[in-house]
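Accompanying notes for the structure given below.
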Amino acid sequence: MNLLRKSAVREFLRILIAVSAALILGFVITLLVSKQPVEAYRAFLLGPLSRFNRFGDWIEESITLTLVGLAVALVFKSKQFSLGAEGQILLGALVSGSIALFVPLPGYVRVPLGLLAAIVVGFLWGYLPGYLKAHLNANEIVSTLMLNTIALKIYDYFLIFHIKPPNAGYNASETFTKDGILPSFVPALPFLADLRARFMSQTNITVMLYLAVIAFLVAYYLMYRTPFGYELRMIGANIKFAHYGGINVKRTIVLAFAVSGVFAGLAGAHLAMGIHTKLIQNISLGIGFEGIVVALMARNNPLFVPLSALAYGYLRAGADIMERSSDVSREMVLVIQALIILLVTAERVLPVIQQRVAARRNAQPTPSLAEGGE
């Protein structure tokens, strides 16, 4: 009983119940639409672990989701609702991919330069909605969505009219050379040669795995061990109190948006230089918005973002395998995936709604005795 009183244990049990209910509901739907529901759902639940290349797909997805989840969590912690990760990912992919294609430098210079360019463009593209919100009081949801559209058009313009080879059959760049691709996460050591060759032939798990670990540690340090993080959390807790406490609210909001763009830009570089090894149209496929789910599941805590990304990445990978290896249509796979996400995130959203309803009730004036007598 004492164990159940701990908030972490209760939180884990709530998430476990939500996930279990979601999986049961997903199986019920599979029963209704599939002639072989057990085999189809087995592919969904166990598919990412059934083959080495599928395992690699899961980890690759999770790396990208970790970086995007960190970007979203940083802004959400200050109670700002940014939807701008998608545009930051696209521009991060564009600049890093352009450097991978056109800068004639050796790999040990070209790859870090591409990552640095993605960080800078992500920071600058995040700075814009932060400035609009802090200094012009522009709605951050509208501004980030509009900037996403601008980033998409910029990406498509340069890809189609300046980067795509003239004889290409579809909108994509040439495949990057070895000097423009992120190296494998397995070091090039003689006693690891066989393992490295297997990973490189069947997966695209790169050194971005280590960078994602560094990223969430840096994000946690920024949020909980620096004055910037303290100011960020104070603004999220009570912006009026933050004003009275002498915090430069405008500067902190701008930095929150800008720093979040750093992680989203890195996610774009991972898609371009690590997974696809070329620039393609629709390179992000809306993954910037799915970072919102990752951040919500992690309660905007950077330490929990990798676990949340692994769980959600497993869900995405399993859904793709279910679609390819069973008679369940893609539309029904998306329905099952959406229901699972809805139930898991509702576990976090409902308490917030309940708190707001209770606060409104408490704020309502109670009738006096005299009024009651009348």
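In the structure tokens, chains take letters A, B, ... by order of appearance, with residues numbered from 1 within each chain and ligands from 1 in the order shown.
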Could you give me, as an NGL selection string, the residues within 8 Å of region 296-308 of chain A, counting only C-alpha atoms and dropping anything in the same chain fewer than 6 positions from it? :A and (62-63 or 66 or 69-70 or 72-74 or 76-77 or 216-217 or 219-220 or 344-345 or 348)
With C-alpha atoms retained, export the selected residues as a tab-separated table (two decimals), in the first residue's frame.
```
chain	number	residue	atom	x	y	z
A	62	SER	CA	12.66	6.38	-32.06
A	63	ILE	CA	15.78	8.50	-32.53
A	66	THR	CA	13.25	11.62	-29.33
A	69	GLY	CA	9.76	15.20	-28.57
A	70	LEU	CA	12.50	17.22	-26.86
A	72	VAL	CA	8.06	20.09	-28.27
A	73	ALA	CA	8.58	19.44	-24.54
A	74	LEU	CA	10.84	22.46	-24.16
A	76	PHE	CA	5.27	23.09	-23.74
A	77	LYS	CA	7.06	23.41	-20.39
A	216	PHE	CA	18.08	14.60	-23.89
A	217	LEU	CA	20.76	15.00	-21.21
A	219	ALA	CA	17.69	19.29	-22.49
A	220	TYR	CA	17.28	17.97	-18.94
A	344	VAL	CA	-2.69	6.96	-23.79
A	345	THR	CA	-2.64	10.74	-24.14
A	348	ARG	CA	-2.59	12.83	-19.24
```
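The neighbours of region 30-43 of chain A here are the residues that come within 9 Å of it, using only C-alpha atoms and leaving out any residue fewer than 2 positions away in the same chain; they are Leu25, Gly26, Phe27, Val28, Leu45, Leu46, Gly47, Pro48, Ser50, Gly318, Ala319, Ile321, Met322, Glu323, Ser325, Ser326, Asp327, Val328, Ser329, Met332, Val333 and Ile336 of chain A.
Minimum atom-to-atom distances from A:Gly180, A:Lys164, A:Leu49, A:Gln88 to Ile287 (chain A) were compared using only C-alpha atoms, and the lowest value belongs to A:Gln88.
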From the DSSP assignment of the backbone, select every residue of region 96-309 of chain A that is alpha helix (DSSP H), and format the answer as an MDAnalysis selection string. chainID A and resid 96:102 107:136 140:158 193:202 208:225 227:237 239:244 249:270 287:297 305:309
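Each of A:Ser78, A:Ile283, A:Leu310, A:Arg324 was checked against Met234 (chain A) using only C-alpha atoms; the smallest atom-to-atom distance is that of A:Ser78.
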Wanna dump the region 108-183 of chain A-region 197-208 of chain A contacts at 12 Å for me, each residue with its shortest atom pair and the distance in Å to one decimal, counting only C-alpha atoms, ordered by chain and number, as a tab-separated table?
```
residue	atom	partner	partner_atom	distance
A:Val111	CA	A:Val207	CA	10.8
A:Pro112	CA	A:Val207	CA	11.3
A:Leu115	CA	A:Met208	CA	10.1
A:Ile181	CA	A:Thr206	CA	9.0
A:Leu182	CA	A:Thr206	CA	5.9
A:Pro183	CA	A:Thr206	CA	5.5
```
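Of note, CA of Gly288 (chain A) and CA of Ala138 (chain A) are spaced 21.1 Å apart.
Around Gly114 (chain A), within 8 Å and counting only C-alpha atoms, the residues found are Val95, Ser96, Gly97, Ile99, Ala100, Arg110, Ala118 and Ala269 of chain A, once anything fewer than 4 positions away on its own chain is removed.
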Skipping near chain neighbours, those fewer than 2 positions away, what residues fall within 10 Å of region 236-251 of chain A using only C-alpha atoms, listed as an MDAnalysis selection string? chainID A and resid 75:80 130:131 133:135 227:228 230:234 253:256
With N, CA and C atoms kept, could you save the residues just selected as a CSV table (one decimal), in the first residue's frame?
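File written: again04.csv
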```
chain,number,residue,atom,x,y,z
A,75,VAL,N,9.1,23.7,-25.3
A,75,VAL,CA,8.2,24.8,-25.5
A,75,VAL,C,7.0,24.6,-24.6
A,76,PHE,N,6.5,23.4,-24.5
A,76,PHE,CA,5.3,23.1,-23.7
A,76,PHE,C,5.5,23.4,-22.3
A,77,LYS,N,6.8,23.2,-21.8
A,77,LYS,CA,7.1,23.4,-20.4
A,77,LYS,C,6.8,24.8,-20.0
A,78,SER,N,6.9,25.8,-20.9
A,78,SER,CA,6.6,27.2,-20.6
A,78,SER,C,5.1,27.5,-20.9
A,79,LYS,N,4.3,26.5,-21.1
A,79,LYS,CA,2.9,26.6,-21.4
A,79,LYS,C,2.6,27.4,-22.7
A,80,GLN,N,3.6,27.3,-23.7
A,80,GLN,CA,3.4,27.8,-25.0
A,80,GLN,C,3.1,26.6,-25.9
A,130,GLY,N,8.8,32.7,-31.7
A,130,GLY,CA,9.1,33.2,-30.3
A,130,GLY,C,9.1,34.7,-30.2
A,131,TYR,N,9.7,35.4,-31.2
A,131,TYR,CA,9.7,36.8,-31.2
A,131,TYR,C,8.3,37.4,-31.4
A,133,LYS,N,5.5,36.0,-30.7
A,133,LYS,CA,4.7,35.8,-29.5
A,133,LYS,C,5.1,36.8,-28.4
A,134,ALA,N,6.4,36.9,-28.1
A,134,ALA,CA,6.8,37.7,-27.0
A,134,ALA,C,6.6,39.2,-27.2
A,135,HIS,N,6.9,39.7,-28.4
A,135,HIS,CA,7.0,41.1,-28.6
A,135,HIS,C,5.7,41.7,-29.3
A,227,PRO,N,19.6,28.7,-14.9
A,227,PRO,CA,18.6,29.8,-14.7
A,227,PRO,C,17.6,29.9,-15.8
A,228,PHE,N,18.0,29.6,-17.0
A,228,PHE,CA,17.0,29.6,-18.1
A,228,PHE,C,15.9,28.6,-17.9
A,230,TYR,N,14.9,27.4,-15.0
A,230,TYR,CA,14.1,27.8,-13.9
A,230,TYR,C,13.1,28.9,-14.3
A,231,GLU,N,13.6,29.8,-15.1
A,231,GLU,CA,12.7,30.8,-15.7
A,231,GLU,C,11.6,30.2,-16.6
A,232,LEU,N,12.0,29.2,-17.4
A,232,LEU,CA,11.1,28.5,-18.2
A,232,LEU,C,9.9,27.9,-17.4
A,233,ARG,N,10.3,27.2,-16.4
A,233,ARG,CA,9.3,26.5,-15.5
A,233,ARG,C,8.5,27.5,-14.7
A,234,MET,N,9.0,28.6,-14.3
A,234,MET,CA,8.2,29.6,-13.6
A,234,MET,C,7.2,30.2,-14.5
A,253,ILE,N,10.7,33.4,-23.4
A,253,ILE,CA,9.8,32.8,-24.3
A,253,ILE,C,10.5,32.7,-25.7
A,254,VAL,N,11.2,33.7,-26.1
A,254,VAL,CA,11.9,33.7,-27.4
A,254,VAL,C,12.9,32.6,-27.4
A,255,LEU,N,13.7,32.5,-26.3
A,255,LEU,CA,14.7,31.4,-26.2
A,255,LEU,C,14.1,30.0,-26.2
A,256,ALA,N,12.9,29.9,-25.6
A,256,ALA,CA,12.3,28.6,-25.5
A,256,ALA,C,12.0,28.1,-26.9
```
